[in-house]
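A short write-up of the structure that comes next.
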Amino acid sequence: MARCSAAVAASFVVSTLLLIWSCWHIHTSSGAPWAISGSHTSLYVRSLEASVDMPLDADVFQVPPGFNAPQQVHITQGDYFGKAVIVSWITPYEVESPNVYYGTDKENYSLTAMAELTTTYTAYNYTSGFIHHCTLDNLEYNTTYYYKLGEGNVMREFSFTTPPECGPDMPYTFGLIGDLGQTADSNATVEHYVQSKGQTVLLVGDCSYADKYPFYDNNRWDTWGRFIERSAAYQPWLWTPGNHDIESGPTFGEFNEFKSYMHRLQTPYMASQSTSPLWYAIQRGPAYIISLSSYSSFVTYSPQYQWLKAELLKVDRTKTPWLIVMMHVPLYNSNCHHYLEGEAMRSVFEAWFVEYKVDIVFAGHVHAYERSHPVSNVLFNLTNDACQPIFNEDAPTYVVIGDGGNVEGLAVPYMEPQPEYSAFREASFGHGLLDIMNRTHALFSWHRNQDGLSVVADSAWLNNQYWKSSSRMQI
């Protein structure tokens with residue numbers, strides 16, 4: 001009875017919010033949302049000076065006390081459906097038994113798993129510590145687990161909560177961060193996110209910015225790993241690769257792309273039958289998340305193309321109604337930085353995004369924030385002039401969120417006049433939240449870093465592309 005009452009109360013709250021929203025969101029006869037809300041460039045102005053990385057002795061970079069203590073602890077989803085977690089950590093020296101002790105009772109770590117992979121790598125004159133990856137599987141849904149790493153006086157304790165079982169009306173909140181780096185602005189972004197209600201981070205590429213240092217100093221991967229631990233050790237971070245994660249330097253003998261990224265950051269790519277850790281898919285609560293690689297081949301018949309074609313056919317919107325795509329290079333962007341850089345991928349994949357009714361596409365790369373209206377440009381071909389994006393109610397909303405705070409600073413200026421497809425844009429640092437309410441509605445909000453505070457500077461309700469049909473609502 002208590003569960004029933006709670007469900008009724010929750011339903012009432014959501015219904016009330018939607019009623020308020022529907023009264024506000026009045027459509028014109030054209031049906032185009034920009035006919036009402038238009039295109040808006042924020043007047044908020046912040047310093048455009050590039051940030052600098054925090055010093056190596058910053059408190060957020062501190063090495064845990066004790067000999068060979070586990071550090072740079074982070075977790076990610078370890079399977080297709082959310083019943084497994086990959087725990088990753090680094091020890092400066094080799095350990096005999098890289099175990100994870102875990103259980104649902106903090107006073108009784110009843111289960112033990114040993115890392116299935118321990119690896120090291122070199123990059124120019126840098127040699128990594130021992131990087132351990134351990135999968136905890138067969139977990140219960142919607143359950144808090146406590147886990148500890150290390151032995152004796154260097155043992156460290158953490159916790160995480162598994163998602164609800166995949167289902168259409170399971171509320172869930174994702175955090176969105178891009179192009180993070182490790183500056184004071186990056187620190188503000190992470191701190192503000194930690195204080196939010198986010199349950200899982202989608203990081204849309206460009207992690208440590210170690211490649212901004214001579215010979216891609218991988219010590220800056222170590223500081224970055226310790227920096228994000230306050231969040232990443234307690235909830236999954238899901239990654240997609242960016243250009244600053246490539247780190248190929250033939251002039252000093254580094255020919256392998258994504259070496260640091262792939263040694264350190266695991267993905268459950270094989271669970272979705274991907275052939276590369278750089279692109280994969282997972283299901284989590286009410287969401288089906290597809291992560292694409294902007295820097296791997298995506299042309300017709302390439303492995304990524306063939307995989308995505310097959311993966312989209314697997315999506316069951318009655319089970320996971322929210323279809324989310326993340327990548328690094330944006331397909332729509334009105335900033336002068338990286339303008340039209342995503343055109344090649346757009347020309348290949350956009351028609352699929354419309355056909356399969358993708359709800360929202362997150363990208364980074366541009367160090368600013370921008371949200372589009374639902375828009376497409378699928379009519380264009382070489383024999384017509386239909387080369388302008390148009391409102392398309394079946395198309396995704398595109399969000400650029402490469403504003404994590406990295407050392408390169410903010411991206412300005414924007415193209416003028418602002419294109420009609422662009423709903424809101426601002427050159428500031430911050431993070432986003434996608435708050436999924438139920439199968440039909442989600443609230444996206446962007447939180448600006450402003451004077452030490454996290455300020456909601458933009459928000460928009462999203463109608464689920466699949467479930468907005470009244471006929472489907474009768475199912």
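Lettering and numbering for the structure tokens are positional, with chains as A, B, ... in the shown order, residues counted from 1 in each chain, and ligands counted from 1 in the shown order.
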
Residue neighbourhood A:Phe424, 8 Å, only C-alpha atoms, exclusion window fewer than 3 positions, as a short mmCIF file (atom, residue, chain, number, x, y, z; two decimals) with N, CA and C atoms, in the first residue's frame:
data_model
loop_
_atom_site.label_atom_id
_atom_site.label_comp_id
_atom_site.auth_asym_id
_atom_site.auth_seq_id
_atom_site.Cartn_x
_atom_site.Cartn_y
_atom_site.Cartn_z
N SER A 39 15.24 31.99 -31.38
CA SER A 39 16.64 31.66 -31.15
C SER A 39 17.22 32.69 -30.19
N HIS A 40 17.93 32.22 -29.21
CA HIS A 40 18.39 33.11 -28.16
C HIS A 40 19.89 32.91 -27.91
N THR A 41 20.63 33.99 -27.97
CA THR A 41 22.03 34.00 -27.55
C THR A 41 22.12 34.70 -26.21
N SER A 42 22.63 34.01 -25.22
CA SER A 42 22.68 34.56 -23.87
C SER A 42 23.52 35.83 -23.83
N GLU A 370 25.29 24.86 -26.41
CA GLU A 370 24.26 25.20 -27.38
C GLU A 370 23.22 24.08 -27.44
N ARG A 371 21.96 24.46 -27.52
CA ARG A 371 20.86 23.51 -27.69
C ARG A 371 20.08 23.88 -28.94
N SER A 372 19.73 22.89 -29.74
CA SER A 372 18.97 23.13 -30.96
C SER A 372 17.50 22.83 -30.74
N ASP A 458 19.59 27.40 -18.79
CA ASP A 458 18.72 26.99 -19.90
C ASP A 458 18.07 25.67 -19.52
#

Residues of stretch 91-258 of chain A in helix (DSSP H, G or I) according to DSSP, as a ChimeraX atom specification?
/A:152-154,184-194,210-212,214-216,219-227,229-232,243-245,250-252

Residues just named, written with N, CA, C and O atoms as a short mmCIF file (atom, residue, chain, number, x, y, z; two decimals), in the first residue's frame:
data_model
loop_
_atom_site.label_atom_id
_atom_site.label_comp_id
_atom_site.auth_asym_id
_atom_site.auth_seq_id
_atom_site.Cartn_x
_atom_site.Cartn_y
_atom_site.Cartn_z
N GLY A 152 44.94 -4.04 4.29
CA GLY A 152 45.54 -3.47 5.49
C GLY A 152 45.27 -1.99 5.64
O GLY A 152 44.16 -1.49 5.41
N ASN A 153 46.34 -1.24 5.96
CA ASN A 153 46.16 0.18 6.27
C ASN A 153 46.01 1.06 5.03
O ASN A 153 45.87 2.28 5.16
N VAL A 154 46.06 0.48 3.83
CA VAL A 154 45.82 1.27 2.62
C VAL A 154 44.48 0.91 1.98
O VAL A 154 44.20 1.31 0.85
N ALA A 184 40.82 25.04 -12.70
CA ALA A 184 39.91 25.47 -11.63
C ALA A 184 38.48 25.49 -12.13
O ALA A 184 37.54 25.19 -11.38
N ASP A 185 38.27 25.82 -13.41
CA ASP A 185 36.92 25.77 -13.98
C ASP A 185 36.43 24.33 -14.07
O ASP A 185 35.25 24.06 -13.82
N SER A 186 37.31 23.41 -14.44
CA SER A 186 36.95 21.99 -14.44
C SER A 186 36.53 21.56 -13.05
O SER A 186 35.57 20.80 -12.87
N ASN A 187 37.27 22.03 -12.05
CA ASN A 187 36.97 21.67 -10.67
C ASN A 187 35.58 22.17 -10.26
O ASN A 187 34.83 21.45 -9.57
N ALA A 188 35.23 23.37 -10.69
CA ALA A 188 33.90 23.90 -10.39
C ALA A 188 32.83 23.04 -11.05
O ALA A 188 31.79 22.75 -10.44
N THR A 189 33.07 22.62 -12.28
CA THR A 189 32.10 21.78 -12.98
C THR A 189 31.87 20.47 -12.24
O THR A 189 30.73 20.07 -12.01
N VAL A 190 32.95 19.80 -11.86
CA VAL A 190 32.80 18.52 -11.16
C VAL A 190 32.14 18.72 -9.81
O VAL A 190 31.26 17.95 -9.41
N GLU A 191 32.54 19.75 -9.09
CA GLU A 191 31.97 19.99 -7.76
C GLU A 191 30.48 20.28 -7.86
O GLU A 191 29.68 19.77 -7.06
N HIS A 192 30.09 21.09 -8.84
CA HIS A 192 28.67 21.38 -9.01
C HIS A 192 27.91 20.11 -9.39
O HIS A 192 26.78 19.89 -8.91
N TYR A 193 28.51 19.30 -10.24
CA TYR A 193 27.82 18.06 -10.62
C TYR A 193 27.66 17.12 -9.42
O TYR A 193 26.60 16.52 -9.23
N VAL A 194 28.69 16.99 -8.60
CA VAL A 194 28.62 16.12 -7.43
C VAL A 194 27.46 16.52 -6.52
O VAL A 194 26.82 15.67 -5.89
N ALA A 210 46.06 15.87 -21.42
CA ALA A 210 47.49 15.63 -21.24
C ALA A 210 48.27 15.96 -22.51
O ALA A 210 49.47 16.26 -22.45
N ASP A 211 47.59 15.93 -23.66
CA ASP A 211 48.29 16.21 -24.92
C ASP A 211 48.65 17.68 -25.08
O ASP A 211 49.33 18.06 -26.05
N LYS A 212 48.25 18.53 -24.15
CA LYS A 212 48.66 19.93 -24.19
C LYS A 212 50.06 20.13 -23.62
O LYS A 212 50.59 21.23 -23.65
N PRO A 214 54.28 18.89 -23.27
CA PRO A 214 55.32 18.28 -24.11
C PRO A 214 55.31 16.76 -24.00
O PRO A 214 55.20 16.21 -22.90
N PHE A 215 55.38 16.12 -25.12
CA PHE A 215 55.42 14.65 -25.20
C PHE A 215 54.18 14.02 -24.55
O PHE A 215 54.23 12.87 -24.10
N TYR A 216 53.08 14.76 -24.54
CA TYR A 216 51.81 14.25 -23.98
C TYR A 216 52.04 13.68 -22.59
O TYR A 216 51.79 12.51 -22.33
N ASN A 219 51.61 11.97 -16.85
CA ASN A 219 51.38 12.26 -15.44
C ASN A 219 50.08 13.05 -15.26
O ASN A 219 49.45 12.98 -14.19
N ARG A 220 49.69 13.77 -16.32
CA ARG A 220 48.45 14.52 -16.26
C ARG A 220 47.22 13.62 -16.43
O ARG A 220 46.10 14.02 -16.14
N TRP A 221 47.40 12.42 -16.92
CA TRP A 221 46.32 11.43 -16.85
C TRP A 221 46.15 10.95 -15.41
O TRP A 221 45.04 10.71 -14.94
N ASP A 222 47.27 10.82 -14.70
CA ASP A 222 47.20 10.39 -13.29
C ASP A 222 46.50 11.45 -12.43
O ASP A 222 45.66 11.11 -11.59
N THR A 223 46.86 12.72 -12.63
CA THR A 223 46.20 13.76 -11.83
C THR A 223 44.71 13.82 -12.17
O THR A 223 43.87 14.00 -11.29
N TRP A 224 44.39 13.65 -13.44
CA TRP A 224 42.98 13.68 -13.85
C TRP A 224 42.19 12.52 -13.23
O TRP A 224 41.06 12.70 -12.78
N GLY A 225 42.81 11.36 -13.18
CA GLY A 225 42.15 10.20 -12.57
C GLY A 225 41.86 10.42 -11.10
O GLY A 225 40.79 10.02 -10.60
N ARG A 226 42.78 11.06 -10.39
CA ARG A 226 42.53 11.35 -8.98
C ARG A 226 41.51 12.48 -8.82
O ARG A 226 40.72 12.50 -7.87
N PHE A 227 41.50 13.40 -9.77
CA PHE A 227 40.60 14.54 -9.74
C PHE A 227 39.13 14.12 -9.85
O PHE A 227 38.27 14.63 -9.12
N GLU A 229 37.84 11.23 -9.16
CA GLU A 229 37.50 10.11 -8.28
C GLU A 229 36.33 10.42 -7.35
O GLU A 229 35.51 9.55 -7.02
N ARG A 230 36.19 11.68 -6.92
CA ARG A 230 35.13 12.04 -5.96
C ARG A 230 33.75 11.73 -6.52
O ARG A 230 32.79 11.55 -5.77
N SER A 231 33.62 11.68 -7.85
CA SER A 231 32.35 11.28 -8.47
C SER A 231 32.44 9.90 -9.10
O SER A 231 31.58 9.05 -8.89
N ALA A 232 33.51 9.68 -9.89
CA ALA A 232 33.59 8.47 -10.72
C ALA A 232 33.77 7.19 -9.93
O ALA A 232 33.53 6.10 -10.46
N ASN A 243 39.14 14.21 -29.65
CA ASN A 243 40.40 14.42 -30.36
C ASN A 243 41.58 14.55 -29.41
O ASN A 243 42.71 14.14 -29.73
N HIS A 244 41.36 15.10 -28.22
CA HIS A 244 42.47 15.24 -27.26
C HIS A 244 42.80 13.92 -26.56
O HIS A 244 43.74 13.87 -25.76
N ASP A 245 42.02 12.89 -26.85
CA ASP A 245 42.32 11.56 -26.32
C ASP A 245 43.10 10.70 -27.31
O ASP A 245 43.50 9.58 -26.98
N PRO A 250 53.93 10.81 -33.76
CA PRO A 250 55.00 10.14 -34.53
C PRO A 250 56.37 10.79 -34.38
O PRO A 250 57.39 10.11 -34.46
N THR A 251 56.40 12.11 -34.13
CA THR A 251 57.69 12.79 -34.03
C THR A 251 58.49 12.35 -32.82
O THR A 251 59.71 12.52 -32.79
N PHE A 252 57.81 11.80 -31.81
CA PHE A 252 58.55 11.28 -30.66
C PHE A 252 58.21 9.81 -30.39
O PHE A 252 58.23 9.35 -29.27
#

Could you name the residues that touch A:Phe130 at 9 Å or less, counting only C-alpha atoms, but leaving out those on the same chain fewer than 5 positions away, as a ChimeraX atom specification?
/A:89-95,118-121

Writing out the chosen residues with N, CA and C atoms as an mmCIF file, in the first residue's frame:
data_model
loop_
_atom_site.group_PDB
_atom_site.id
_atom_site.type_symbol
_atom_site.label_atom_id
_atom_site.label_comp_id
_atom_site.auth_asym_id
_atom_site.auth_seq_id
_atom_site.Cartn_x
_atom_site.Cartn_y
_atom_site.Cartn_z
ATOM 1 N N TRP A 89 41.135 0.805 -11.102
ATOM 2 C CA TRP A 89 41.993 1.573 -10.197
ATOM 3 C C TRP A 89 43.453 1.331 -10.572
ATOM 4 N N ILE A 90 44.325 2.135 -10.008
ATOM 5 C CA ILE A 90 45.753 2.050 -10.321
ATOM 6 C C ILE A 90 46.536 1.922 -9.021
ATOM 7 N N THR A 91 47.544 1.074 -9.047
ATOM 8 C CA THR A 91 48.525 1.011 -7.960
ATOM 9 C C THR A 91 49.897 1.294 -8.573
ATOM 10 N N PRO A 92 50.731 2.084 -7.888
ATOM 11 C CA PRO A 92 52.054 2.393 -8.451
ATOM 12 C C PRO A 92 52.899 1.147 -8.690
ATOM 13 N N TYR A 93 52.711 0.129 -7.836
ATOM 14 C CA TYR A 93 53.489 -1.100 -7.950
ATOM 15 C C TYR A 93 52.533 -2.289 -8.088
ATOM 16 N N GLU A 94 53.062 -3.382 -8.539
ATOM 17 C CA GLU A 94 52.257 -4.577 -8.737
ATOM 18 C C GLU A 94 51.745 -5.109 -7.398
ATOM 19 N N VAL A 95 50.535 -5.682 -7.434
ATOM 20 C CA VAL A 95 49.975 -6.317 -6.239
ATOM 21 C C VAL A 95 49.684 -7.778 -6.565
ATOM 22 N N THR A 118 44.980 -6.706 -15.701
ATOM 23 C CA THR A 118 45.934 -5.747 -15.146
ATOM 24 C C THR A 118 46.912 -5.409 -16.248
ATOM 25 N N THR A 119 47.092 -4.119 -16.496
ATOM 26 C CA THR A 119 47.892 -3.703 -17.639
ATOM 27 C C THR A 119 48.767 -2.516 -17.262
ATOM 28 N N THR A 120 49.820 -2.308 -18.013
ATOM 29 C CA THR A 120 50.642 -1.103 -17.922
ATOM 30 C C THR A 120 50.964 -0.655 -19.347
ATOM 31 N N TYR A 121 51.451 0.554 -19.481
ATOM 32 C CA TYR A 121 51.862 1.018 -20.804
ATOM 33 C C TYR A 121 52.928 2.090 -20.639
#

Which one of A:Asn377, A:Tyr44, A:Glu341, A:Asp206 sits closest to A:Val354 if you count only C-alpha atoms?
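That would be A:Asn377, the residue with the smallest distance to A:Val354.
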
So which residues touch A:Tyr80 within 6 Å, counting only C-alpha atoms, skipping near sequence neighbours fewer than 6 positions away, as a CSV table (one decimal) with N, CA, C and O atoms, in the first residue's frame?
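New file around-v1.csv:
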chain,number,residue,atom,x,y,z
A,271,ALA,N,29.6,-6.4,-25.1
A,271,ALA,CA,28.2,-6.7,-24.7
A,271,ALA,C,27.3,-6.4,-25.8
A,271,ALA,O,26.2,-7.0,-25.9
A,282,ILE,N,24.7,0.6,-24.5
A,282,ILE,CA,24.2,0.0,-23.2
A,282,ILE,C,22.7,0.5,-23.0
A,282,ILE,O,22.2,1.4,-23.6
A,283,GLN,N,22.1,-0.3,-22.1
A,283,GLN,CA,20.7,0.1,-21.7
A,283,GLN,C,20.9,0.3,-20.2
A,283,GLN,O,21.5,-0.4,-19.4

Could you make a table, as CSV, of the residues of stretch 99-199 of chain A that have an atom within 7 Å of an atom of stretch 396-409 of chain A, each with its nearest atom pair and distance in Å to one decimal, counting only C-alpha atoms, in chain and number order?
residue,atom,partner,partner_atom,distance
A:Ile177,CA,A:Gly404,CA,5.9
A:Gly178,CA,A:Gly402,CA,4.3
A:Asp179,CA,A:Gly402,CA,5.0
A:Leu180,CA,A:Gly404,CA,4.2
A:Gly181,CA,A:Asn406,CA,4.2
A:Gln182,CA,A:Asn406,CA,6.2
A:Thr183,CA,A:Asn406,CA,6.0
A:Asp185,CA,A:Gly405,CA,4.7
A:Ser186,CA,A:Gly405,CA,4.4
A:Thr189,CA,A:Gly404,CA,6.1

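Shortest separation to A:Thr76 among A:Ile290, A:Val412, A:Val375, A:Leu136 occurs at residue A:Leu136, atoms counted being only C-alpha atoms.
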
Contacts of A:Gly167 within 6 Å, only C-alpha atoms, excl. fewer than 4 positions in-chain, as a PyMOL selection string
chain A and resi 286+319-320

Fewer than 2 positions away in the same chain doesn't count, so skip those; otherwise give me all residues within 12 Å of A:Gly78, counting only C-alpha atoms, as number ranges by chain.
A: 75-76, 80-88, 133-139, 162, 236-238, 265-272, 280-284

For A:Tyr172, find every residue with an atom within 7 Å (counting only C-alpha atoms), except residues of its own chain fewer than 5 positions away, and show them as a list in words.
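So, after excluding close chain neighbours, the residues are Gly285, Asp435 and Ile436 of chain A.
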
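With distances restricted to only C-alpha atoms, A:Gln273 is the closest residue to A:Leu308 from A:Glu393, A:Ala442, A:Met437, A:Gln273.
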
In terms of the shortest atom-to-atom distance over only C-alpha atoms, which of A:Ser110, A:Ser276, A:Ser196, A:Ser47 is closest to A:Ser445?
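Among the listed residues, A:Ser196 lies closest to A:Ser445.
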
Work out how far atom CA of A:Gln450 is from atom CA of A:Glu420, in Å to one decimal.
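Distance between the two atoms: 27.3 Å.
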
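Distances to A:Asn256 were evaluated for A:Asp79, A:Phe349, A:Thr143, A:Ala123 using only C-alpha atoms, and the minimum falls at A:Ala123.
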
What gap, in Å, lies between atom CA of A:Leu292 and atom CA of A:Ile324?
10.9 Å
